[in-house]
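What follows is a short report on a single structure.
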Amino acid sequence: VSGSRPDLPDFLVIGGGIAGAAAGGFLARYGRVLLLEAELAPGMHATGRSAALFSEYYGNPVVRALTSASRAFYTVPPSGFEGVEPLRPRGSLVLACGTFGEPGPGGDGAADAAEDALFEQVLHEAPNAAVPAVEVDRDEALRLCPVLRPGAFRRAMFKPGAADVDVDVVHRHFLKVLRTAGGRVQVNARVRALRRTGGLWTAVTADGVYRAPIVVNAAGAWADEIAGLAGVEQVGLVARRRTLAVVPAPEGVDPRGWPMIGDLAEGFYAKPEAGGLLVSPCDATPLPPGDVRPDDTAVALGLDRLAAVTTLRPRRVSHRWAGLRSSAPDDVPVVGPAAADSGFFWLAGLGGYGIQTAPAVGRLLADLVAGVPPGPDLAALRPALDPARRREPTVRADG
Ligand SMILES: Cc1cc2nc3c(=O)[nH]c(=O)nc-3n(C[C@H](O)[C@H](O)[C@H](O)COP(=O)(O)OP(=O)(O)OC[C@H]3O[C@@H](n4cnc5c(N)ncnc54)[C@H](O)[C@@H]3O)c2cc1C
């Protein structure tokens with residue numbers, strides 16, 4: 001691809017979160033990248049606000065396949081990580097504990113049967129995971145996380161392969177690869193207009209005008225806005241807020257070796273963080289793209305749910321934040337060209353899984369841009385990820 005116009009970059013990537021960084025890092029194999037990021041630093045939105053978990057059991061089948069396709073990158077990282085491991089073992093303990101606010105576990109036969117069916121489904125739904133999930137008894141669950149209330153759950157499942165991602169290290173790795181190959185990251189460069197003439201895209205920011213034959217739309221929650229600027233049909237992304245709060249561990253309790261804990265119905269999770277616990281009620285309130293703030297009610301709900309399954313009664317929140325998880329209506333990432341020969345590629349809709357899937361989606365995006373056949377682990381996923389499958393036919397903005 002490289003070298004079509006020596007005075008121009010080959011690829012213009014819009015958005016400097018993990019998606020844009022991964023795209024830029026893999027595209028650097030094929031040509032020169034210019035990444036435009038609206039904020040003063042890349043990674044200030046979803047990427048810098050995540051719970052940083054990698055789990056081959058997390059998400060729908062396409063997401064899980066993308067996560068498994070990212071595993072080799074994370075477990076045997078390419079050169080450039082300089083001895084820093086991108087993943088740290090964590091494990092994840094999933095509790096069958098009914099629905100919060102409903103009768104306690106074991107109180108309703110029909111609900112228990114439905115929960116058992118879901119439990120079995122989740123236990124077996126990731127046959128390609130490197131380390132399989134196993135059911136554990138109450139004693140083992142309590143050994144893994146000693147603050148669990150023994151009466152709060154009926155069954156427990158342990159996923160030993162779940163790991164913490166060092167998001168900052170991975171994000172910086174991709175940006176460094178991009179720069180080392182002669183590319184550039186331009187911050188404080190919000191794209192305000194985008195049009196294509198004579199086979200070249202022109203992106204206009206407050207301070208500059210940038211041109212390249214190929215544009216990659218990795219603008220996270222704003223990706224439909226970018227499509228609108230370009231006159232490309234939108235995919236109907238919805239951004240949903242998720243709130244996180246860190247609570248200190250009680251005196252004398254060290255949670256650092258605990259797994260992440262959560263309920264089977266995905267109404268809550270807690271994970272060791274900074275000597276305390278990171279807690280979320282798994283809220284998913286739709287909001288317009290922006291710098292979202294944590295919601296007090298959601299923080300309180302997270303703490304209530306923590307108290308329902310553990311003996312912990314945190315009285316203080318040391319830190320709280322929120323971020324947007326952006327998804328297409330079918331919750332499947334959007335990766336690929338907007339249309340044949342459009343020079344406009346999507347890398348968006350990564351939902352709550354953008355960290356764990358970034359190596360795979362970045363690699364696939366770069367191969368599609370370069371016209372290189374994707375690897376066998378990704379080729380079969382292409383049709384599901386195709387933007388054309390999700391277009392909203394009614395939307396067309398001015399070009
Ligand atoms: C609370 C929370 C917990 C999560 N937990 C996990 C987890 O445990 N595991 C996991 O895998 N994923 C998790 N996620 C999801 C993950 O964080 C996202 O999927 C991922 O960060 C999305 O990356 P992105 O690059 O697409 O978006 P972003 O990181 O939001 O990046 C988009 C970038 O585009 C820029 N931009 C927007 N408009 C323009 C413009 N006009 N011009 C230039 N730049 C522009 C923005 O400034 C932004 O930097 C979580 C998300 C949240 C919010």
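Every chain in the structure tokens takes a letter, A first, then B, and so on in the order presented; its residues are numbered from 1, and the ligands are numbered from 1 following the presented order.
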Item to complete: Using only C-alpha atoms and all ligand atoms, find each residue with an atom at most 6 Å away from ligand 1 and format the answer as a count of residues only.
Response: 47
- Message: Please list as a ChimeraX atom specification every residue within 9 Å of Asp377 of chain A, counting only C-alpha atoms and excluding residues in the same chain fewer than 6 positions away.
- Response: /A:65-66,68-69
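Across segment 327-357 of chain A, DSSP run on the backbone finds strand (DSSP E) at Ser327, Val334, Val335, Gly336, Pro337, Phe344, Phe345, Trp346, Leu347 and Ala348 of chain A.
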Item to check | 6 Å contact set for segment 265-278 of chain A, only C-alpha atoms, chain neighbours under 5 positions out, as a VMD selection string | outcome: chain A and resid 245 to 249 255 to 256 260
For Ala298 of chain A, list every protein, DNA or RNA residue within 8 Å, evaluated using only C-alpha atoms, and leave out those in the same chain fewer than 6 positions away; present the list as a CSV table (one decimal) with all heavy atoms, in the first residue's frame.
```
chain,number,residue,atom,x,y,z
A,243,THR,N,-20.8,2.5,35.3
A,243,THR,CA,-20.2,3.2,36.5
A,243,THR,C,-19.3,2.3,37.3
A,243,THR,O,-19.7,1.1,37.5
A,243,THR,CB,-21.4,3.7,37.4
A,243,THR,OG1,-22.3,4.5,36.5
A,243,THR,CG2,-20.8,4.6,38.5
A,280,SER,N,-19.0,-2.5,40.3
A,280,SER,CA,-19.9,-2.0,39.3
A,280,SER,C,-21.3,-2.7,39.4
A,280,SER,O,-21.3,-3.9,39.5
A,280,SER,CB,-19.4,-2.1,37.9
A,280,SER,OG,-20.3,-1.7,36.9
A,281,PRO,N,-22.4,-1.9,39.2
A,281,PRO,CA,-23.7,-2.6,39.2
A,281,PRO,C,-24.1,-2.9,37.7
A,281,PRO,O,-25.2,-3.2,37.5
A,281,PRO,CB,-24.6,-1.5,39.7
A,281,PRO,CG,-24.0,-0.2,39.2
A,281,PRO,CD,-22.5,-0.5,39.2
A,283,ASP,N,-24.4,-1.1,35.2
A,283,ASP,CA,-25.4,-0.2,34.6
A,283,ASP,C,-25.2,0.0,33.1
A,283,ASP,O,-24.0,-0.1,32.6
A,283,ASP,CB,-25.5,1.2,35.3
A,283,ASP,CG,-24.1,1.8,35.5
A,283,ASP,OD1,-23.1,1.0,35.6
A,283,ASP,OD2,-24.0,3.0,35.4
```
Residue contacts of segment 307-317 of chain A (9 Å, only C-alpha atoms) excluding same-chain residues fewer than 3 positions away, as a short mmCIF file (atom, residue, chain, number, x, y, z; two decimals) with C-alpha atoms, in the first residue's frame:
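Saved result, around_22.cif, follows:
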```
data_model
loop_
_atom_site.label_atom_id
_atom_site.label_comp_id
_atom_site.auth_asym_id
_atom_site.auth_seq_id
_atom_site.Cartn_x
_atom_site.Cartn_y
_atom_site.Cartn_z
CA LEU A 95 -22.09 -16.90 41.52
CA CYS A 97 -27.30 -16.02 43.44
CA PHE A 100 -30.90 -8.92 43.27
CA PRO A 146 -13.09 -15.47 51.91
CA VAL A 147 -15.55 -12.56 52.27
CA LEU A 148 -18.38 -14.31 50.37
CA ARG A 149 -21.54 -14.90 52.41
CA PRO A 150 -21.98 -18.70 52.24
CA GLY A 151 -25.79 -18.43 52.11
CA ALA A 152 -25.80 -15.86 49.32
CA PHE A 153 -25.26 -18.24 46.40
CA ALA A 245 -16.39 2.80 42.17
CA VAL A 246 -13.32 1.81 44.17
CA VAL A 247 -13.89 1.03 47.84
CA PRO A 248 -11.07 0.49 50.34
CA ALA A 249 -10.60 -2.99 51.84
CA PRO A 250 -11.41 -3.27 55.55
CA ASP A 263 -23.30 -12.85 39.52
CA VAL A 299 -22.62 3.64 42.79
CA GLY A 302 -23.11 -1.49 43.26
CA LEU A 303 -22.34 -1.22 46.99
CA ASP A 304 -25.74 -2.77 47.90
CA ARG A 320 -15.45 6.70 41.12
#
```
